[in-house]
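Structure file start.txt; described as compact mmCIF, C-alpha atoms and all ligand atoms.
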```
# COMPACT_ATOMS: atom_id res chain seq x y z
CA MET A 2 0.00 0.00 0.00
CA ASN A 3 1.32 3.46 -0.94
CA LEU A 4 0.89 5.80 2.01
CA SER A 5 1.48 9.50 1.61
CA SER A 6 2.49 11.66 4.57
CA ARG A 7 -1.07 13.07 4.56
CA THR A 8 -2.72 9.64 4.83
CA ILE A 9 -0.37 8.57 7.60
CA ALA A 10 -1.07 11.83 9.49
CA ILE A 11 -4.87 11.34 9.16
CA LEU A 12 -4.67 7.75 10.35
CA ILE A 13 -2.52 8.64 13.39
CA ALA A 14 -4.72 11.65 14.21
CA LEU A 15 -7.93 9.52 14.02
CA LEU A 16 -6.34 6.84 16.18
CA VAL A 17 -5.15 9.28 18.86
CA ALA A 18 -8.45 11.21 18.80
CA GLY A 19 -10.46 7.96 18.92
CA VAL A 20 -8.57 6.73 21.98
CA LEU A 21 -8.84 10.09 23.75
CA THR A 22 -12.54 10.61 22.90
CA THR A 23 -13.48 7.08 23.99
CA PHE A 24 -11.56 7.61 27.19
CA ALA A 25 -13.29 10.97 27.80
CA TYR A 26 -16.70 9.54 26.90
CA VAL A 27 -16.49 6.64 29.31
CA MET A 28 -15.34 8.97 32.04
CA PRO A 29 -18.42 10.18 33.97
CA GLY A 30 -19.36 13.83 33.70
CA LEU A 31 -18.39 14.69 30.11
CA PRO A 32 -21.40 15.40 27.88
CA VAL A 33 -21.49 13.80 24.40
CA ARG A 34 -21.29 17.13 22.56
CA GLU A 35 -18.13 18.23 24.34
CA ALA A 36 -16.63 14.76 23.90
CA PHE A 37 -17.08 15.06 20.11
CA LEU A 38 -15.77 18.60 20.12
CA ALA A 39 -12.66 17.49 22.02
CA GLY A 40 -12.36 14.59 19.55
CA GLY A 41 -12.49 17.00 16.57
CA VAL A 42 -9.95 19.37 18.05
CA THR A 43 -7.61 16.47 18.87
CA VAL A 44 -7.92 15.10 15.31
CA ALA A 45 -7.08 18.51 13.84
CA ALA A 46 -4.16 19.12 16.21
CA CYS A 47 -2.73 15.62 15.78
CA PHE A 48 -3.14 15.78 12.02
CA LEU A 49 -1.29 19.06 11.72
CA LEU A 50 1.46 18.00 14.08
CA VAL A 51 2.10 14.61 12.51
CA TYR A 52 1.63 15.80 8.94
CA LEU A 53 4.02 18.72 9.27
CA SER A 54 6.61 16.59 11.05
CA PHE A 55 6.50 13.96 8.32
CA GLU A 56 6.63 16.55 5.60
CA ALA A 57 9.50 18.45 7.14
CA LEU A 58 11.51 15.56 8.44
CA ILE A 59 11.26 12.71 6.02
CA PHE A 60 9.22 13.16 2.91
CA ARG A 61 10.75 16.50 2.01
CA GLU A 62 14.23 15.04 2.43
CA ILE A 63 13.44 12.05 0.28
CA ASN A 64 11.79 14.28 -2.29
CA GLY A 65 14.95 16.40 -2.23
CA ILE A 66 17.04 13.30 -2.89
CA TYR A 67 14.83 12.35 -5.82
CA THR A 68 14.98 15.85 -7.26
CA GLY A 69 18.77 15.81 -6.85
CA LEU A 70 19.02 12.46 -8.62
CA GLU A 71 16.87 13.82 -11.43
CA HIS A 72 19.24 16.79 -11.83
CA ILE A 73 22.24 14.46 -11.81
CA LYS A 74 20.62 12.30 -14.49
CA ARG A 75 20.11 15.43 -16.57
CA LYS A 76 23.72 16.49 -15.73
CA GLU A 77 22.52 19.72 -14.07
CA PHE A 78 25.08 19.48 -11.29
CA LYS A 79 24.90 23.17 -10.37
CA LYS A 80 21.18 22.94 -9.64
CA LEU A 81 21.70 20.66 -6.62
CA SER A 82 20.18 22.66 -3.78
CA ASN A 83 21.76 22.77 -0.40
CA LYS A 84 19.00 24.83 1.22
CA PHE A 85 17.19 23.37 4.18
CA LEU A 86 15.00 24.87 6.85
CA PHE A 87 15.14 22.21 9.41
CA ARG A 88 16.97 18.99 8.96
CA PRO A 89 18.07 16.44 11.53
CA GLU A 90 21.76 15.49 11.18
CA PRO A 91 21.45 11.83 10.05
CA LEU A 92 19.02 12.77 7.27
CA LYS A 93 21.25 15.60 6.10
CA ARG A 94 24.25 13.30 6.00
CA LEU A 95 22.28 10.61 4.19
CA ARG A 96 21.04 13.06 1.58
CA ASP A 97 24.49 14.57 1.00
CA GLU A 98 26.07 11.14 0.81
CA ILE A 99 23.57 9.83 -1.73
CA LEU A 100 23.78 12.91 -3.94
CA ASP A 101 27.58 13.09 -3.78
CA THR A 102 27.96 9.44 -4.69
CA ALA A 103 25.43 9.67 -7.50
CA GLU A 104 27.11 12.79 -8.88
CA ARG A 105 30.54 11.17 -8.83
CA ARG A 106 29.24 7.97 -10.43
CA GLN A 107 27.50 9.93 -13.17
CA GLN A 108 30.67 11.93 -13.92
CA GLU A 109 32.79 8.74 -13.97
CA PHE A 110 30.26 7.13 -16.27
CA ASP A 111 30.34 10.10 -18.67
CA GLU A 112 34.16 10.10 -18.67
CA LEU A 113 34.23 6.35 -19.40
CA LYS A 114 31.78 6.86 -22.25
CA ARG A 115 33.98 9.65 -23.67
CA LEU A 116 37.11 7.49 -23.38
CA GLN A 117 35.34 4.60 -25.04
CA VAL A 118 34.43 6.79 -28.02
CA LEU A 119 38.04 8.07 -28.21
CA ARG A 120 39.41 4.52 -28.03
CA ARG A 121 37.07 3.38 -30.77
CA GLU A 122 38.07 6.33 -32.98
CA PHE A 123 41.76 5.70 -32.27
CA LEU A 124 41.48 2.01 -33.19
CA ALA A 125 39.65 2.89 -36.40
CA ASP A 126 42.34 5.50 -37.27
CA VAL A 127 45.22 3.15 -36.46
CA SER A 128 43.85 0.28 -38.54
CA HIS A 129 43.13 2.65 -41.42
CA GLU A 130 46.65 4.12 -41.28
CA LEU A 131 48.27 0.67 -41.03
CA LYS A 132 46.27 -0.68 -43.93
CA THR A 133 47.45 1.95 -46.44
CA PRO A 134 51.23 1.17 -46.51
CA LEU A 135 50.67 -2.52 -45.79
CA PHE A 136 48.36 -3.04 -48.76
CA ALA A 137 50.66 -1.01 -51.01
CA ALA A 138 53.71 -3.15 -50.14
CA GLN A 139 51.64 -6.32 -50.44
CA GLY A 140 50.42 -5.23 -53.88
CA PHE A 141 53.94 -4.60 -55.25
CA VAL A 142 55.36 -7.86 -53.90
CA HIS A 143 52.43 -9.92 -55.25
CA THR A 144 52.70 -8.27 -58.67
CA ILE A 145 56.36 -9.29 -58.88
CA LEU A 146 55.53 -12.87 -57.78
CA ASP A 147 52.59 -13.17 -60.21
CA GLU A 148 54.77 -11.95 -63.08
CA GLU A 149 57.43 -14.53 -62.19
CA GLU A 150 54.83 -17.32 -62.18
CA ASP A 151 53.01 -16.26 -65.37
CA GLY A 152 55.70 -15.20 -67.79
CA GLU A 153 58.53 -17.31 -69.07
CA GLU A 154 61.10 -14.60 -68.44
CA GLY A 155 59.32 -12.82 -65.64
CA MET A 156 59.42 -9.06 -65.08
CA ASP A 157 62.27 -7.06 -66.56
CA PRO A 158 64.90 -6.20 -63.90
CA ALA A 159 64.37 -2.42 -64.03
CA THR A 160 60.61 -2.68 -63.40
CA ARG A 161 61.12 -5.30 -60.72
CA ARG A 162 63.61 -3.00 -58.96
CA LYS A 163 61.17 -0.09 -59.16
CA PHE A 164 58.41 -2.23 -57.61
CA LEU A 165 60.74 -3.46 -54.90
CA GLN A 166 61.76 0.14 -54.12
CA LYS A 167 58.10 1.13 -53.81
CA ALA A 168 57.39 -1.83 -51.55
CA ALA A 169 60.40 -0.87 -49.41
CA ALA A 170 59.20 2.76 -49.18
CA SER A 171 55.76 1.58 -48.02
CA LEU A 172 57.34 -0.69 -45.42
CA ASP A 173 59.51 2.21 -44.22
CA ALA A 174 56.35 4.33 -43.81
CA LEU A 175 54.81 1.45 -41.87
CA ASP A 176 57.87 1.26 -39.65
CA THR A 177 57.72 5.03 -38.96
CA LEU A 178 54.04 4.77 -38.12
CA VAL A 179 54.55 1.86 -35.71
CA GLN A 180 57.46 3.64 -34.01
CA ASP A 181 55.38 6.83 -33.68
CA LEU A 182 52.49 4.82 -32.24
CA VAL A 183 54.79 3.27 -29.64
CA THR A 184 56.20 6.71 -28.77
CA ILE A 185 52.81 8.34 -28.41
CA SER A 186 51.39 5.55 -26.28
CA GLN A 187 54.44 5.72 -23.98
CA LEU A 188 54.17 9.51 -23.76
CA GLU A 189 50.46 9.30 -22.97
CA LYS A 190 51.03 6.61 -20.33
CA GLY A 191 53.59 8.94 -18.77
CA VAL A 192 56.31 6.27 -18.72
CA VAL A 193 58.78 8.41 -20.67
CA ARG A 194 60.98 10.53 -18.44
CA MET A 195 62.50 13.66 -19.91
CA ARG A 196 66.21 14.05 -19.22
CA ARG A 197 67.56 17.36 -18.04
CA GLN A 198 70.76 17.92 -19.90
CA ARG A 199 72.62 21.03 -20.90
CA PHE A 200 73.28 21.28 -24.63
CA ASP A 201 73.83 23.85 -27.34
CA LEU A 202 70.54 24.56 -29.11
CA VAL A 203 72.26 26.27 -32.06
CA GLU A 204 74.42 23.21 -32.68
CA LEU A 205 71.30 21.01 -32.61
CA ILE A 206 69.47 23.26 -35.10
CA GLU A 207 72.45 23.23 -37.45
CA GLU A 208 72.60 19.44 -37.20
CA ILE A 209 68.91 19.28 -38.22
CA PHE A 210 69.48 21.74 -41.07
CA GLU A 211 72.16 19.38 -42.41
CA LEU A 212 69.77 16.44 -42.12
CA LEU A 213 67.01 18.25 -44.03
CA GLU A 214 69.24 20.15 -46.42
CA GLN A 215 68.68 17.78 -49.33
CA GLN A 216 64.91 17.80 -48.83
CA ALA A 217 64.97 21.61 -48.77
CA ARG A 218 67.09 21.74 -51.93
CA GLN A 219 64.71 19.39 -53.74
CA ARG A 220 61.84 21.73 -52.92
CA GLY A 221 63.86 24.84 -53.75
CA ALA A 222 63.41 26.09 -50.18
CA THR A 223 65.90 27.79 -47.86
CA LEU A 224 66.64 27.04 -44.22
CA ALA A 225 67.95 29.85 -42.01
CA LEU A 226 68.78 30.60 -38.40
CA PHE A 227 67.91 34.00 -36.91
CA PRO A 228 69.80 35.95 -35.69
CA PRO A 229 72.67 34.51 -37.72
CA HIS A 230 75.42 35.58 -35.30
CA LEU A 231 74.24 32.87 -32.90
CA SER A 232 76.17 30.36 -35.03
CA ALA A 233 79.34 31.77 -33.52
CA THR A 234 78.18 32.13 -29.90
CA GLY A 235 75.83 29.15 -29.47
CA LEU A 236 72.94 29.14 -26.99
CA PRO A 237 72.82 26.65 -24.11
CA VAL A 238 69.49 25.22 -22.87
CA VAL A 239 68.47 22.53 -20.38
CA ALA A 240 66.19 19.83 -21.83
CA ASP A 241 66.10 16.31 -23.24
CA ARG A 242 68.25 16.72 -26.36
CA ASN A 243 66.92 13.71 -28.28
CA ARG A 244 63.28 14.57 -27.63
CA ILE A 245 63.75 18.24 -28.52
CA ARG A 246 65.54 17.08 -31.66
CA GLN A 247 62.41 15.03 -32.51
CA VAL A 248 60.20 18.12 -32.00
CA LEU A 249 62.41 20.41 -34.10
CA VAL A 250 62.79 17.84 -36.90
CA ASN A 251 59.03 17.55 -37.02
CA LEU A 252 58.35 21.31 -37.00
CA ILE A 253 61.04 22.11 -39.59
CA ASP A 254 60.04 19.14 -41.74
CA ASN A 255 56.40 20.32 -41.63
CA ALA A 256 57.49 23.87 -42.50
CA LEU A 257 59.22 22.46 -45.59
CA LYS A 258 56.42 20.00 -46.51
CA TYR A 259 53.54 22.42 -46.08
CA GLY A 260 55.52 25.55 -46.88
CA ARG A 261 55.43 27.45 -50.16
CA GLU A 262 55.84 25.22 -53.22
CA VAL A 263 58.20 27.67 -54.93
CA GLY A 264 60.45 30.05 -53.02
CA GLY A 265 59.82 28.48 -49.62
CA GLN A 266 61.64 30.06 -46.67
CA VAL A 267 61.94 28.37 -43.32
CA VAL A 268 63.41 30.44 -40.50
CA VAL A 269 64.20 29.15 -37.03
CA SER A 270 64.40 32.14 -34.67
CA LEU A 271 65.69 32.16 -31.13
CA ALA A 272 65.09 34.78 -28.47
CA THR A 273 66.08 34.86 -24.83
CA GLY A 274 63.87 36.24 -22.13
CA ARG A 275 63.26 35.90 -18.42
CA GLU A 276 61.52 32.54 -18.86
CA GLY A 277 64.25 31.02 -21.03
CA VAL A 278 64.72 30.61 -24.74
CA ARG A 279 61.86 31.09 -27.17
CA ILE A 280 62.16 28.97 -30.31
CA ALA A 281 60.01 29.81 -33.34
CA VAL A 282 59.85 27.85 -36.59
CA ARG A 283 58.36 30.00 -39.34
CA ASP A 284 57.40 29.25 -42.93
CA ASN A 285 55.88 31.35 -45.70
CA GLY A 286 53.45 28.64 -46.85
CA ALA A 287 49.70 28.55 -47.27
CA GLY A 288 49.00 28.98 -43.55
CA ILE A 289 46.43 27.17 -41.43
CA ALA A 290 42.81 28.35 -41.15
CA PRO A 291 41.68 29.13 -37.57
CA GLU A 292 39.25 26.17 -37.44
CA HIS A 293 42.15 23.74 -37.99
CA GLN A 294 44.67 25.41 -35.71
CA GLY A 295 43.51 23.72 -32.50
CA ARG A 296 42.95 20.37 -34.17
CA ILE A 297 46.28 19.72 -35.94
CA PHE A 298 47.72 18.57 -32.59
CA GLU A 299 45.21 15.71 -32.44
CA ARG A 300 46.40 12.25 -33.42
CA PHE A 301 46.01 11.61 -37.17
CA TYR A 302 44.42 15.00 -37.86
CA ARG A 303 45.38 16.28 -41.29
CA ILE A 304 44.05 19.32 -43.07
CA GLU A 305 44.44 18.07 -46.61
CA LYS A 306 44.18 14.35 -46.15
CA SER A 307 45.56 13.32 -49.53
CA ARG A 308 48.35 15.90 -49.71
CA SER A 309 49.53 15.29 -46.16
CA ARG A 310 49.58 11.54 -46.57
CA ALA A 311 51.41 11.78 -49.89
CA ALA A 312 54.00 13.94 -48.12
CA GLY A 313 54.82 10.86 -46.08
CA GLY A 314 53.93 11.89 -42.52
CA SER A 315 52.35 9.54 -40.03
CA GLY A 316 49.87 12.21 -38.87
CA LEU A 317 51.28 11.80 -35.36
CA GLY A 318 54.19 14.26 -35.55
CA LEU A 319 52.49 17.25 -33.93
CA ALA A 320 50.67 15.10 -31.35
CA ILE A 321 54.06 13.68 -30.26
CA SER A 322 55.71 17.12 -30.33
CA LYS A 323 52.94 18.57 -28.17
CA HIS A 324 53.44 15.86 -25.52
CA ILE A 325 57.22 16.34 -25.49
CA VAL A 326 57.00 20.13 -25.19
CA GLU A 327 54.38 19.85 -22.44
CA ALA A 328 56.63 17.42 -20.56
CA HIS A 329 59.18 20.30 -20.62
CA LYS A 330 56.54 22.52 -18.95
CA SER A 331 55.88 24.59 -22.06
CA SER A 332 53.35 24.45 -24.88
CA ILE A 333 53.43 24.87 -28.63
CA ARG A 334 51.83 28.14 -29.68
CA ILE A 335 50.70 28.62 -33.22
CA HIS A 336 50.38 31.88 -35.17
CA SER A 337 49.18 31.39 -38.69
CA VAL A 338 47.69 33.61 -41.34
CA VAL A 339 46.15 31.98 -44.41
CA GLY A 340 48.17 32.94 -47.46
CA GLU A 341 51.09 34.26 -45.42
CA GLY A 342 52.52 31.40 -43.41
CA THR A 343 52.74 29.65 -40.09
CA THR A 344 54.88 30.06 -36.97
CA MET A 345 55.11 27.36 -34.28
CA GLU A 346 56.67 28.50 -31.04
CA PHE A 347 57.72 26.99 -27.69
CA LYS A 348 60.09 27.72 -24.81
CA LEU A 349 62.96 25.90 -23.14
CA PRO A 350 64.74 26.79 -19.90
CA ARG A 351 68.29 28.12 -19.88
CA PRO A 352 70.95 26.77 -17.51
CA LYS A 353 71.08 28.57 -14.14
CA HIS A 354 74.51 30.10 -14.61
CA ALA A 355 74.43 30.62 -18.36
CA PRO A 356 76.37 33.60 -19.69
CA PRO A 357 74.04 36.48 -20.53
CA VAL A 358 73.12 36.26 -24.21
CA GLN A 359 70.54 38.83 -25.17
CA VAL A 360 68.74 37.86 -28.35
CA ARG A 361 65.70 39.83 -29.43
CA PRO A 362 63.22 39.88 -31.14
CA VAL A 363 61.98 36.37 -32.01
CA GLY A 364 62.42 36.70 -35.75
CA PRO A 365 62.22 38.72 -38.90
CA ARG A 366 58.63 39.51 -39.74
CA GLY A 367 56.95 39.80 -43.06
P1 LIG B 401 51.80 14.81 -40.80
O1 LIG B 401 52.51 13.53 -40.62
O2 LIG B 401 50.55 14.69 -41.60
O3 LIG B 401 52.71 15.92 -41.26
P2 LIG B 401 51.62 16.30 -38.29
O4 LIG B 401 51.03 15.89 -37.00
O5 LIG B 401 53.07 16.68 -38.30
O6 LIG B 401 51.30 15.14 -39.32
O7 LIG B 401 50.77 17.54 -38.85
C1 LIG B 401 49.36 17.46 -38.86
C2 LIG B 401 48.78 18.30 -39.98
O8 LIG B 401 48.95 19.69 -39.70
C3 LIG B 401 49.44 18.09 -41.33
O9 LIG B 401 48.88 16.99 -41.98
C4 LIG B 401 49.17 19.42 -42.04
O10 LIG B 401 47.88 19.36 -42.63
C5 LIG B 401 49.11 20.43 -40.89
N1 LIG B 401 50.37 21.22 -40.74
C6 LIG B 401 51.39 20.97 -39.90
N2 LIG B 401 52.37 21.91 -40.01
C7 LIG B 401 51.94 22.78 -40.94
C8 LIG B 401 52.50 23.99 -41.51
N3 LIG B 401 53.69 24.47 -41.12
N4 LIG B 401 51.76 24.63 -42.45
C9 LIG B 401 50.54 24.17 -42.85
N5 LIG B 401 49.97 23.04 -42.35
C10 LIG B 401 50.65 22.35 -41.41
```
Could you express the structure from this file as structure tokens?
Ligand code: ADP
Amino acid sequence: MNLSSRTIAILIALLVAGVLTTFAYVMPGLPVREAFLAGGVTVAACFLLVYLSFEALIFREINGIYTGLEHIKRKEFKKLSNKFLFRPEPLKRLRDEILDTAERRQQEFDELKRLQVLRREFLADVSHELKTPLFAAQGFVHTILDEEEDGEEGMDPATRRKFLQKAAASLDALDTLVQDLVTISQLEKGVVRMRRQRFDLVELIEEIFELLEQQARQRGATLALFPPHLSATGLPVVADRNRIRQVLVNLIDNALKYGREVGGQVVVSLATGREGVRIAVRDNGAGIAPEHQGRIFERFYRIEKSRSRAAGGSGLGLAISKHIVEAHKSSIRIHSVVGEGTTMEFKLPRPKHAPPVQVRPVGPRG
């Protein structure tokens, strides 16, 4: 039976009044009319007393819990009311406990749902990315084998070599992708520790310029350090040299790949300030539209899917770079104007007792 606070109050009031009226009636000397009047007054008083107590003490609290749970279900966490006129301690604690637990559970549940969606997307991306180079290599190798089986003489050596080179290039891309996947999963798990070592940033940049020189020449692009006099003085920083090398290779490589097709200029500028050294990699390419600027640091996000993939990147370069720079307590800032070019910038600390090298501003503009 479903009893509301009102029904319970009426039943208790009738019971108490019935007992009292019967008692008064059987007592000698009380006329019937007064006995009924006393009965009525007792019913009304008992009803009010019991009803209000129930309402205030229990039913309102439980109603409050239900309302709170409803808000939690609708994710309106801010609407949870903490107002109460009169509330006994155990009920208050019970209510707070239930609502807190429900709120936490709901938030955990939402986070798990979000992670599940991300995991599903990541798996789909990974399998898609793995399939592309794998199928290409498989195709070239099978073509060579089929030709050997079908024809008397098989494929001519020059074509076979070309196919083998293409298969090898696809397998190299696959290798890069797998290595990048391992790196990013280790960085995300937080198992990679950044070393704190003092090294010359200028020397590192020049080493990377040498590495990418041929690629730049093929594209007719130039690589430059600004200000140029730093080549003579050097600039010490404290960071994980290998990881920062990975970041700079990626940023400079991107500046070349996505820079201007003809007459590309890539400038790496250094500036010292109170917080350390500011490193900016600038190109004069097509630039990145504002709606893509926040997203290019996501795993596998590419603006021009076909062009970016043809350029040979794994789509993980900026995601990895972002993690590495953040592990050095900085962040990659992007300034980009469509049609003018892109600048990617981050900071590294200088050694405590480094000689004062004042280098300003960050780079040539325009
Ligand atoms: P990818 O392997 O595709 O180069 P990245 O993570 O390094 O992957 O870069 C993600 C995407 O960001 C690229 O595919 C490209 O569309 C865009 N991008 C990165 N750097 C630049 C740049 N300097 N200019 C224009 N677009 C860029």
I'd like the contact shell of Ala138 in chain A - 8 Å cut-off, all atoms listed in the file, skipping same-chain residues fewer than 4 positions apart - returned as a VMD selection string. chain A and resid 134 142 167 to 169 171 to 172
Give me, as a count of residues only, all polymer residues having an atom no more than 12 Å from Ile145 in chain A, counting all atoms listed in the file and skipping those fewer than 2 positions away in the same chain. 27
Skip Glu327 in chain A itself and residues of its chain fewer than 2 positions away, then list as an mmCIF file with C-alpha atoms, keeping the file's coordinate frame all residues within 12 Å of it, counting all atoms listed in the file.
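Written file, result-v5.cif:
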```cif
data_model
loop_
_atom_site.group_PDB
_atom_site.id
_atom_site.type_symbol
_atom_site.label_atom_id
_atom_site.label_comp_id
_atom_site.auth_asym_id
_atom_site.auth_seq_id
_atom_site.Cartn_x
_atom_site.Cartn_y
_atom_site.Cartn_z
ATOM 1 C CA LEU A 188 54.170 9.510 -23.760
ATOM 2 C CA GLU A 189 50.460 9.300 -22.970
ATOM 3 C CA GLY A 191 53.590 8.940 -18.770
ATOM 4 C CA MET A 195 62.500 13.660 -19.910
ATOM 5 C CA ALA A 240 66.190 19.830 -21.830
ATOM 6 C CA ARG A 244 63.280 14.570 -27.630
ATOM 7 C CA ILE A 245 63.750 18.240 -28.520
ATOM 8 C CA VAL A 248 60.200 18.120 -32.000
ATOM 9 C CA LEU A 319 52.490 17.250 -33.930
ATOM 10 C CA ALA A 320 50.670 15.100 -31.350
ATOM 11 C CA ILE A 321 54.060 13.680 -30.260
ATOM 12 C CA SER A 322 55.710 17.120 -30.330
ATOM 13 C CA LYS A 323 52.940 18.570 -28.170
ATOM 14 C CA HIS A 324 53.440 15.860 -25.520
ATOM 15 C CA ILE A 325 57.220 16.340 -25.490
ATOM 16 C CA HIS A 329 59.180 20.300 -20.620
ATOM 17 C CA LYS A 330 56.540 22.520 -18.950
ATOM 18 C CA SER A 331 55.880 24.590 -22.060
ATOM 19 C CA SER A 332 53.350 24.450 -24.880
ATOM 20 C CA ILE A 333 53.430 24.870 -28.630
ATOM 21 C CA ARG A 334 51.830 28.140 -29.680
ATOM 22 C CA PHE A 347 57.720 26.990 -27.690
ATOM 23 C CA LYS A 348 60.090 27.720 -24.810
ATOM 24 C CA LEU A 349 62.960 25.900 -23.140
#
```
Could you give me, as JSON lines, every chain A residue with an atom at most 6 Å from ligand LIG 401 (chain B), plus its closest atom pair and distance in Å to one decimal, counting all atoms listed in the file, rows ordered by chain then number?
```
{"residue": "A:Asn255", "atom": "CA", "partner": "B:LIG401", "partner_atom": "N2", "distance": 4.6}
{"residue": "A:Ala256", "atom": "CA", "partner": "B:LIG401", "partner_atom": "N3", "distance": 4.1}
{"residue": "A:Tyr259", "atom": "CA", "partner": "B:LIG401", "partner_atom": "N4", "distance": 4.6}
{"residue": "A:Gly260", "atom": "CA", "partner": "B:LIG401", "partner_atom": "N4", "distance": 5.9}
{"residue": "A:Gly288", "atom": "CA", "partner": "B:LIG401", "partner_atom": "C9", "distance": 5.1}
{"residue": "A:Ile289", "atom": "CA", "partner": "B:LIG401", "partner_atom": "C9", "distance": 5.3}
{"residue": "A:Ile297", "atom": "CA", "partner": "B:LIG401", "partner_atom": "O8", "distance": 4.6}
{"residue": "A:Tyr302", "atom": "CA", "partner": "B:LIG401", "partner_atom": "C1", "distance": 5.6}
{"residue": "A:Arg303", "atom": "CA", "partner": "B:LIG401", "partner_atom": "O9", "distance": 3.6}
{"residue": "A:Ile304", "atom": "CA", "partner": "B:LIG401", "partner_atom": "O10", "distance": 3.9}
{"residue": "A:Glu305", "atom": "CA", "partner": "B:LIG401", "partner_atom": "O10", "distance": 5.4}
{"residue": "A:Ser309", "atom": "CA", "partner": "B:LIG401", "partner_atom": "O9", "distance": 4.6}
{"residue": "A:Arg310", "atom": "CA", "partner": "B:LIG401", "partner_atom": "O2", "distance": 6.0}
{"residue": "A:Gly314", "atom": "CA", "partner": "B:LIG401", "partner_atom": "O1", "distance": 2.9}
{"residue": "A:Ser315", "atom": "CA", "partner": "B:LIG401", "partner_atom": "O1", "distance": 4.0}
{"residue": "A:Gly316", "atom": "CA", "partner": "B:LIG401", "partner_atom": "O6", "distance": 3.3}
{"residue": "A:Leu317", "atom": "CA", "partner": "B:LIG401", "partner_atom": "O4", "distance": 4.4}
{"residue": "A:Gly318", "atom": "CA", "partner": "B:LIG401", "partner_atom": "O5", "distance": 3.8}
{"residue": "A:Leu319", "atom": "CA", "partner": "B:LIG401", "partner_atom": "O4", "distance": 3.7}
{"residue": "A:Ala320", "atom": "CA", "partner": "B:LIG401", "partner_atom": "O4", "distance": 5.7}
{"residue": "A:Thr343", "atom": "CA", "partner": "B:LIG401", "partner_atom": "N3", "distance": 5.4}
```
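You will find CA of Thr133 in chain A at 18.4 Å from CA of Val183 in chain A.
If you look at CA of Gly235 in chain A and CA of Leu202 in chain A, they are 7.0 Å away from each other.
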All heavy atoms modelled onto range 302-306 of chain A, as a short mmCIF file (atom, residue, chain, number, x, y, z; two decimals), in the coordinates of the input:
```cif
data_model
loop_
_atom_site.label_atom_id
_atom_site.label_comp_id
_atom_site.auth_asym_id
_atom_site.auth_seq_id
_atom_site.Cartn_x
_atom_site.Cartn_y
_atom_site.Cartn_z
N TYR A 302 45.18 13.92 -37.22
CA TYR A 302 44.42 15.00 -37.86
C TYR A 302 45.25 15.62 -38.98
O TYR A 302 46.39 16.03 -38.76
CB TYR A 302 44.02 16.07 -36.84
CG TYR A 302 43.05 17.06 -37.43
CD1 TYR A 302 41.69 16.76 -37.47
CD2 TYR A 302 43.48 18.26 -37.99
CE1 TYR A 302 40.79 17.65 -38.04
CE2 TYR A 302 42.59 19.15 -38.57
CZ TYR A 302 41.25 18.84 -38.58
OH TYR A 302 40.36 19.71 -39.15
N ARG A 303 44.69 15.65 -40.16
CA ARG A 303 45.38 16.28 -41.29
C ARG A 303 44.42 17.23 -41.96
O ARG A 303 43.23 16.92 -42.08
CB ARG A 303 45.79 15.21 -42.31
CG ARG A 303 46.83 14.24 -41.77
CD ARG A 303 47.10 13.21 -42.81
NE ARG A 303 48.21 12.38 -42.49
CZ ARG A 303 48.11 11.10 -42.23
NH1 ARG A 303 46.94 10.50 -42.26
NH2 ARG A 303 49.17 10.39 -41.95
N ILE A 304 44.94 18.35 -42.44
CA ILE A 304 44.05 19.32 -43.07
C ILE A 304 43.68 18.83 -44.47
O ILE A 304 42.52 18.63 -44.78
CB ILE A 304 44.70 20.71 -43.13
CG1 ILE A 304 45.01 21.17 -41.70
CG2 ILE A 304 43.79 21.70 -43.83
CD1 ILE A 304 45.85 22.40 -41.61
N GLU A 305 44.72 18.60 -45.26
CA GLU A 305 44.44 18.07 -46.61
C GLU A 305 44.85 16.62 -46.57
O GLU A 305 46.03 16.31 -46.68
CB GLU A 305 45.31 18.80 -47.63
CG GLU A 305 44.76 20.12 -48.07
CD GLU A 305 45.68 20.72 -49.11
OE1 GLU A 305 45.76 20.18 -50.23
OE2 GLU A 305 46.35 21.71 -48.79
N LYS A 306 43.87 15.77 -46.40
CA LYS A 306 44.18 14.35 -46.15
C LYS A 306 45.13 13.78 -47.21
O LYS A 306 46.15 13.21 -46.89
CB LYS A 306 42.90 13.50 -46.12
CG LYS A 306 41.77 14.12 -45.35
CD LYS A 306 41.92 13.92 -43.86
CE LYS A 306 40.81 14.61 -43.11
NZ LYS A 306 41.18 15.51 -42.07
#
```
